[in-house]
Amino acid sequence: MRYHDFGKTGFQISAIGFGSMRLPIPDPAGAPGEVDLEPAVDLLCHAFAKGVNYVDTAYMYCHHLSEVAVGRALKRDNWREKVRLATKLPLWNVKQADDFWRILEEQLQKLDTGCIDFYHLHGIGGGDLDGAIREFKIFESAAKARDRGLIRNLSFSFHDKPEEMKKLVDTGEFVSVLCQYNLLDTANAGAISYAASKGLGTIAMGPVGGGRLAFAEGVFEDALGGSMTTPELALRFVLSHPDLDCALSGMGSEAMVNDNIRVAESSAPLSVAEIGALEQIRDKCRKLSELYCTGCGYCRPDCPCEVNIPVALESLIYYKVYQFKQHAFARYKEIGTSSWVSGKNAGHCIDCGKCESKCPQKLPIRRYLREARELFEA
């Protein structure tokens with residue numbers, strides 16, 4: 001395993017971190033205590049034994065059981081002495097100042113530890129500085145928690161625009177940042193370098209694009225002559241960022257752990273020519289994808305059949321443009337399965353054309369929905 005200086009914290013962080021959002025933990029049918037967490041604990045310990053020394057979890061991950069599994073894993077074989085622990089405060093659950101302490105105490109109990117190494121404000125943006133952070137005096141509470149030895153460092157995870165990340169960095173309150181960065185989404189590349197220049201540790205979430213780059217197929221493999229699989233080149237692309245300390249991967253099996261560690265251990269950064277070839281293909285695919293859909297969503301509210309047009313067309317894009325066939329089918333099957341991917345699939349379209357009258361790009365949506373139906377429902 002390769003290790004990097006984690007900002008100015010004095011900690012040498014492994015190139016791969018363990019993201020604990022996709023642990024093999026079943027949805028509890030009864031009481032949470034009845035859920036078998038041993039497979040998840042075993043998987044975490046396997047990664048620790050392979051050299052991973054940073055584990056990230058959060059309050060609600062895995063039906064609110066991820067923190068419990070992580071805590072148990074760190075207790076086994078004394079891993080708590082060797083592995084740094086990160087979890088997150090769900091700021092949206094803070095409705096009054098005392099909620100900071102209530103949630104932190106609950107997390108410490110679930111993790112079965114006296115101190116959290118890196119306590120993140122979860123998914124915040126620049127607007128939170130004048131919102132909940134100021135209203136509930138979060139920085140002041142975090143400082144008290146640090147003085148009491150309940151947390152060691154304050155960090156933040158981030159899903160906002162890059163310029164908003166810089167505002168958060170400039171507060172001087174944080175020691176590290178966790179943000180989106182991968183081959184398909186490089187918007188935060190400059191902000192990562194800015195954070196590093198200010199002494200913050202930097203971690204990328206979603207190195208394989210939320211699963212889109214997790215399969216051995218697609219146009220990026222072709223761009224490099226088939227010399228490596230898409231998951232491998234995606235991870236190497238992220239680790240090639242000169243100011244990035246760690247790639248946080250959500251791993252759900254030993255095979256995923258082993259593959260990620262193999263890449264991190266044995267692979268040099270991609271060359272300038274390789275990065276250029278990948279970026280050229282990515283930019284070309286983005287332009288082609290806009291011929292199918294830009295994802296604005298204007299078409300959806302007036303659909304009388306509640307078809308989730310953006311996701312149906314997104315699936316078509318992944319299949320036809322990026323050639324991510326497995327992900328395309330998986331994405332299409334998600335339609336209607338949760339509040340995150342609500343609505344109905346393309347098979348429910350009645351060809352009324354209301355969607356096309358709302359499309360700013362004047363796309364032939366009905367034709368694309370027919371293509372999606374024929375492709376994914378055959």
# chains A, B, ... in the order shown; residues from 1 in each chain; ligands from 1

$ residues_around --residues "A:Lys358" --least-positions-apart "5" --cutoff "10 Å" --atoms "only C-alpha atoms" --output "list in words"
Gly297, Tyr298, Cys299, Arg300, Pro301, Asp302, Gly353 and Leu363 of chain A

$ residues_around --residues "A:Tyr54" --least-positions-apart "2" --cutoff "7 Å" --atoms "only C-alpha atoms" --output "PyMOL selection string"
chain A and resi 13-14+17-18+52+56+83-85

$ write_last_selection --atoms "N, CA and C atoms" --output "PDB file, in the first residue's frame"
ATOM      1  N   ILE A  13      -1.758   8.676   5.380  1.00  0.00           N
ATOM      2  CA  ILE A  13      -3.001   8.002   5.011  1.00  0.00           C
ATOM      3  C   ILE A  13      -2.776   7.048   3.839  1.00  0.00           C
ATOM      4  N   SER A  14      -3.441   5.905   3.871  1.00  0.00           N
ATOM      5  CA  SER A  14      -3.345   4.946   2.773  1.00  0.00           C
ATOM      6  C   SER A  14      -3.986   5.527   1.515  1.00  0.00           C
ATOM      7  N   GLY A  17      -8.937   4.464   0.903  1.00  0.00           N
ATOM      8  CA  GLY A  17      -9.678   4.494   2.148  1.00  0.00           C
ATOM      9  C   GLY A  17     -10.933   3.650   2.011  1.00  0.00           C
ATOM     10  N   PHE A  18     -11.447   3.161   3.128  1.00  0.00           N
ATOM     11  CA  PHE A  18     -12.626   2.295   3.098  1.00  0.00           C
ATOM     12  C   PHE A  18     -13.876   3.141   3.355  1.00  0.00           C
ATOM     13  N   VAL A  52      -5.127  -0.813   4.543  1.00  0.00           N
ATOM     14  CA  VAL A  52      -6.027   0.346   4.593  1.00  0.00           C
ATOM     15  C   VAL A  52      -6.054   0.873   6.024  1.00  0.00           C
ATOM     16  N   ASP A  56     -14.212   5.384   6.730  1.00  0.00           N
ATOM     17  CA  ASP A  56     -15.192   6.471   6.738  1.00  0.00           C
ATOM     18  C   ASP A  56     -16.597   5.882   6.826  1.00  0.00           C
ATOM     19  N   VAL A  83      -5.809   2.338  12.779  1.00  0.00           N
ATOM     20  CA  VAL A  83      -6.700   2.849  11.736  1.00  0.00           C
ATOM     21  C   VAL A  83      -7.395   4.117  12.223  1.00  0.00           C
ATOM     22  N   ARG A  84      -7.397   5.136  11.379  1.00  0.00           N
ATOM     23  CA  ARG A  84      -8.082   6.385  11.713  1.00  0.00           C
ATOM     24  C   ARG A  84      -9.554   6.281  11.349  1.00  0.00           C
ATOM     25  N   LEU A  85     -10.385   6.800  12.231  1.00  0.00           N
ATOM     26  CA  LEU A  85     -11.839   6.690  12.123  1.00  0.00           C
ATOM     27  C   LEU A  85     -12.462   8.034  11.746  1.00  0.00           C
TER      28      LEU A  85
END

$ select_by_dssp --residues "stretch 82-271 of chain A" --states "strand (DSSP E)" --output "PyMOL selection string"
chain A and resi 84-89+116-124+151-158+176-180+201-205+246-250

$ write_last_selection --atoms "N, CA and C atoms" --output "mmCIF file, in the first residue's frame"
data_model
loop_
_atom_site.group_PDB
_atom_site.id
_atom_site.type_symbol
_atom_site.label_atom_id
_atom_site.label_comp_id
_atom_site.auth_asym_id
_atom_site.auth_seq_id
_atom_site.Cartn_x
_atom_site.Cartn_y
_atom_site.Cartn_z
ATOM 1 N N ARG A 84 -7.397 5.136 11.379
ATOM 2 C CA ARG A 84 -8.082 6.385 11.713
ATOM 3 C C ARG A 84 -9.554 6.281 11.349
ATOM 4 N N LEU A 85 -10.385 6.800 12.231
ATOM 5 C CA LEU A 85 -11.839 6.690 12.123
ATOM 6 C C LEU A 85 -12.462 8.034 11.746
ATOM 7 N N ALA A 86 -13.321 8.007 10.725
ATOM 8 C CA ALA A 86 -14.062 9.206 10.327
ATOM 9 C C ALA A 86 -15.550 8.895 10.275
ATOM 10 N N THR A 87 -16.347 9.783 10.830
ATOM 11 C CA THR A 87 -17.792 9.704 10.638
ATOM 12 C C THR A 87 -18.317 11.127 10.469
ATOM 13 N N LYS A 88 -19.652 11.267 10.359
ATOM 14 C CA LYS A 88 -20.189 12.549 9.920
ATOM 15 C C LYS A 88 -21.405 12.972 10.743
ATOM 16 N N LEU A 89 -21.481 14.269 10.967
ATOM 17 C CA LEU A 89 -22.637 14.866 11.619
ATOM 18 C C LEU A 89 -23.660 15.242 10.556
ATOM 19 N N ILE A 116 -13.492 10.292 18.093
ATOM 20 C CA ILE A 116 -13.544 10.179 16.634
ATOM 21 C C ILE A 116 -12.400 11.004 16.066
ATOM 22 N N ASP A 117 -11.612 10.402 15.184
ATOM 23 C CA ASP A 117 -10.423 11.079 14.662
ATOM 24 C C ASP A 117 -10.762 12.238 13.734
ATOM 25 N N PHE A 118 -11.685 12.009 12.795
ATOM 26 C CA PHE A 118 -12.066 13.042 11.829
ATOM 27 C C PHE A 118 -13.589 13.128 11.797
ATOM 28 N N TYR A 119 -14.108 14.187 12.404
ATOM 29 C CA TYR A 119 -15.563 14.366 12.496
ATOM 30 C C TYR A 119 -15.988 15.346 11.413
ATOM 31 N N HIS A 120 -16.732 14.829 10.430
ATOM 32 C CA HIS A 120 -17.133 15.628 9.271
ATOM 33 C C HIS A 120 -18.500 16.289 9.463
ATOM 34 N N LEU A 121 -18.620 17.498 8.984
ATOM 35 C CA LEU A 121 -19.945 18.066 8.761
ATOM 36 C C LEU A 121 -20.385 17.508 7.405
ATOM 37 N N HIS A 122 -21.495 16.809 7.392
ATOM 38 C CA HIS A 122 -21.866 15.954 6.264
ATOM 39 C C HIS A 122 -22.507 16.750 5.118
ATOM 40 N N GLY A 123 -21.857 16.701 3.965
ATOM 41 C CA GLY A 123 -22.443 17.240 2.740
ATOM 42 C C GLY A 123 -22.783 18.713 2.798
ATOM 43 N N ILE A 124 -21.929 19.524 3.399
ATOM 44 C CA ILE A 124 -22.242 20.940 3.535
ATOM 45 C C ILE A 124 -21.769 21.724 2.305
ATOM 46 N N ILE A 151 -13.621 14.427 19.891
ATOM 47 C CA ILE A 151 -13.177 14.382 18.504
ATOM 48 C C ILE A 151 -11.760 14.951 18.458
ATOM 49 N N ARG A 152 -11.008 14.557 17.439
ATOM 50 C CA ARG A 152 -9.642 15.072 17.308
ATOM 51 C C ARG A 152 -9.563 16.175 16.253
ATOM 52 N N ASN A 153 -10.329 16.022 15.174
ATOM 53 C CA ASN A 153 -10.256 16.982 14.074
ATOM 54 C C ASN A 153 -11.641 17.217 13.496
ATOM 55 N N LEU A 154 -11.850 18.430 12.975
ATOM 56 C CA LEU A 154 -13.106 18.750 12.284
ATOM 57 C C LEU A 154 -12.832 18.761 10.782
ATOM 58 N N SER A 155 -13.675 18.070 10.027
ATOM 59 C CA SER A 155 -13.538 17.965 8.581
ATOM 60 C C SER A 155 -14.892 18.233 7.943
ATOM 61 N N PHE A 156 -14.952 18.190 6.623
ATOM 62 C CA PHE A 156 -16.258 18.317 5.966
ATOM 63 C C PHE A 156 -16.298 17.514 4.683
ATOM 64 N N SER A 157 -17.485 16.980 4.394
ATOM 65 C CA SER A 157 -17.731 16.373 3.092
ATOM 66 C C SER A 157 -18.576 17.338 2.287
ATOM 67 N N PHE A 158 -18.508 17.208 0.956
ATOM 68 C CA PHE A 158 -18.914 18.332 0.118
ATOM 69 C C PHE A 158 -19.524 17.856 -1.199
ATOM 70 N N SER A 176 -9.484 18.681 6.846
ATOM 71 C CA SER A 176 -9.549 17.866 5.631
ATOM 72 C C SER A 176 -10.896 18.033 4.946
ATOM 73 N N VAL A 177 -10.919 17.632 3.674
ATOM 74 C CA VAL A 177 -12.140 17.709 2.882
ATOM 75 C C VAL A 177 -12.321 16.403 2.110
ATOM 76 N N LEU A 178 -13.559 15.964 2.025
ATOM 77 C CA LEU A 178 -13.965 14.798 1.243
ATOM 78 C C LEU A 178 -14.920 15.286 0.170
ATOM 79 N N CYS A 179 -14.566 15.075 -1.112
ATOM 80 C CA CYS A 179 -15.394 15.617 -2.190
ATOM 81 C C CYS A 179 -15.421 14.676 -3.388
ATOM 82 N N GLN A 180 -16.360 14.936 -4.270
ATOM 83 C CA GLN A 180 -16.506 14.148 -5.493
ATOM 84 C C GLN A 180 -15.374 14.459 -6.473
ATOM 85 N N GLY A 201 -5.983 18.013 4.318
ATOM 86 C CA GLY A 201 -5.944 16.695 3.707
ATOM 87 C C GLY A 201 -7.074 16.594 2.696
ATOM 88 N N THR A 202 -6.853 15.858 1.609
ATOM 89 C CA THR A 202 -7.841 15.788 0.533
ATOM 90 C C THR A 202 -8.173 14.340 0.211
ATOM 91 N N ILE A 203 -9.466 14.049 0.161
ATOM 92 C CA ILE A 203 -9.939 12.701 -0.152
ATOM 93 C C ILE A 203 -11.018 12.797 -1.223
ATOM 94 N N ALA A 204 -10.946 11.914 -2.216
ATOM 95 C CA ALA A 204 -11.963 11.852 -3.265
ATOM 96 C C ALA A 204 -12.949 10.739 -2.958
ATOM 97 N N MET A 205 -14.231 11.067 -2.993
ATOM 98 C CA MET A 205 -15.263 10.043 -2.928
ATOM 99 C C MET A 205 -15.678 9.684 -4.361
ATOM 100 N N CYS A 246 -6.016 10.581 -0.946
ATOM 101 C CA CYS A 246 -6.660 9.288 -0.753
ATOM 102 C C CYS A 246 -7.896 9.181 -1.641
ATOM 103 N N ALA A 247 -8.144 7.988 -2.161
ATOM 104 C CA ALA A 247 -9.386 7.688 -2.884
ATOM 105 C C ALA A 247 -10.250 6.823 -1.979
ATOM 106 N N LEU A 248 -11.420 7.322 -1.634
ATOM 107 C CA LEU A 248 -12.323 6.620 -0.723
ATOM 108 C C LEU A 248 -13.272 5.761 -1.551
ATOM 109 N N SER A 249 -13.157 4.459 -1.403
ATOM 110 C CA SER A 249 -13.957 3.542 -2.211
ATOM 111 C C SER A 249 -14.961 2.801 -1.354
ATOM 112 N N GLY A 250 -16.223 2.806 -1.798
ATOM 113 C CA GLY A 250 -17.252 2.035 -1.121
ATOM 114 C C GLY A 250 -17.151 0.583 -1.547
#

$ residues_around --residues "A:Glu314" --least-positions-apart "4" --cutoff "9 Å" --atoms "only C-alpha atoms" --output "list in words"
Ser289, Tyr292, Cys293, Thr294, Gly295, Ile309, Pro310, Tyr318, Tyr319, Ala328, Arg331 and Tyr332 of chain A

$ atom_distance --atom1 "atom CA of A:Asp222" --atom2 "atom CA of A:Val208"
17.1 Å

$ atom_distance --atom1 "atom CA of A:Phe174" --atom2 "atom CA of A:Gly10"
14.5 Å

$ select_by_dssp --residues "stretch 234-350 of chain A" --states "alpha helix (DSSP H)" --output "NGL selection string"
:A and (234-239 or 254-266 or 272-289 or 309-320 or 325-333)

$ residues_around --residues "A:Arg262" --least-positions-apart "4" --cutoff "10 Å" --atoms "only C-alpha atoms" --output "list in words"
Met1, Lys50, Glu232, Met256, Val257, Asn258, Ser266 and Ser267 of chain A

$ residues_around --residues "A:Lys344" --least-positions-apart "2" --cutoff "10 Å" --atoms "only C-alpha atoms" --output "JSON, numbers by chain"
{"A": [305, 306, 307, 308, 309, 311, 312, 334, 335, 336, 337, 341, 342, 346, 347, 348, 349]}

$ atom_distance --atom1 "atom CA of A:Ser315" --atom2 "atom CA of A:Asn260"
26.0 Å

$ closest_residue --among "A:Cys62, A:Gly199, A:Ala277, A:Trp340" --to "A:Gly225" --atoms "only C-alpha atoms"
A:Ala277

$ residues_around --residues "A:Leu168" --least-positions-apart "6" --cutoff "8 Å" --atoms "only C-alpha atoms" --output "list in words"
Gly125, Gly126, Leu129 and Phe174 of chain A

$ write_last_selection --atoms "N, CA and C atoms" --output "tab-separated table (two decimals), in the first residue's frame"
chain	number	residue	atom	x	y	z
A	125	GLY	N	-22.33	22.93	2.16
A	125	GLY	CA	-21.91	23.86	1.13
A	125	GLY	C	-21.64	25.22	1.74
A	126	GLY	N	-21.21	26.15	0.91
A	126	GLY	CA	-20.88	27.48	1.41
A	126	GLY	C	-22.05	28.16	2.10
A	129	LEU	N	-22.61	28.12	6.01
A	129	LEU	CA	-21.84	28.96	6.93
A	129	LEU	C	-22.73	30.01	7.58
A	174	PHE	N	-11.30	23.63	9.34
A	174	PHE	CA	-11.26	22.23	8.94
A	174	PHE	C	-9.84	21.76	8.64

$ closest_residue --among "A:Lys325, A:Lys333, A:Arg212, A:His64" --to "A:Asp27" --atoms "only C-alpha atoms"
A:His64

$ residues_around --residues "A:Asn93" --least-positions-apart "6" --cutoff "12 Å" --atoms "only C-alpha atoms" --output "list in words"
Tyr59, Met60, Asp99, Phe100, Trp101, Arg102, Ile103, Leu104, Leu121, His122, Ala132 and Phe136 of chain A

$ closest_residue --among "A:Val169, A:Ile317, A:Ile133, A:Ile16" --to "A:Leu244" --atoms "only C-alpha atoms"
A:Ile16
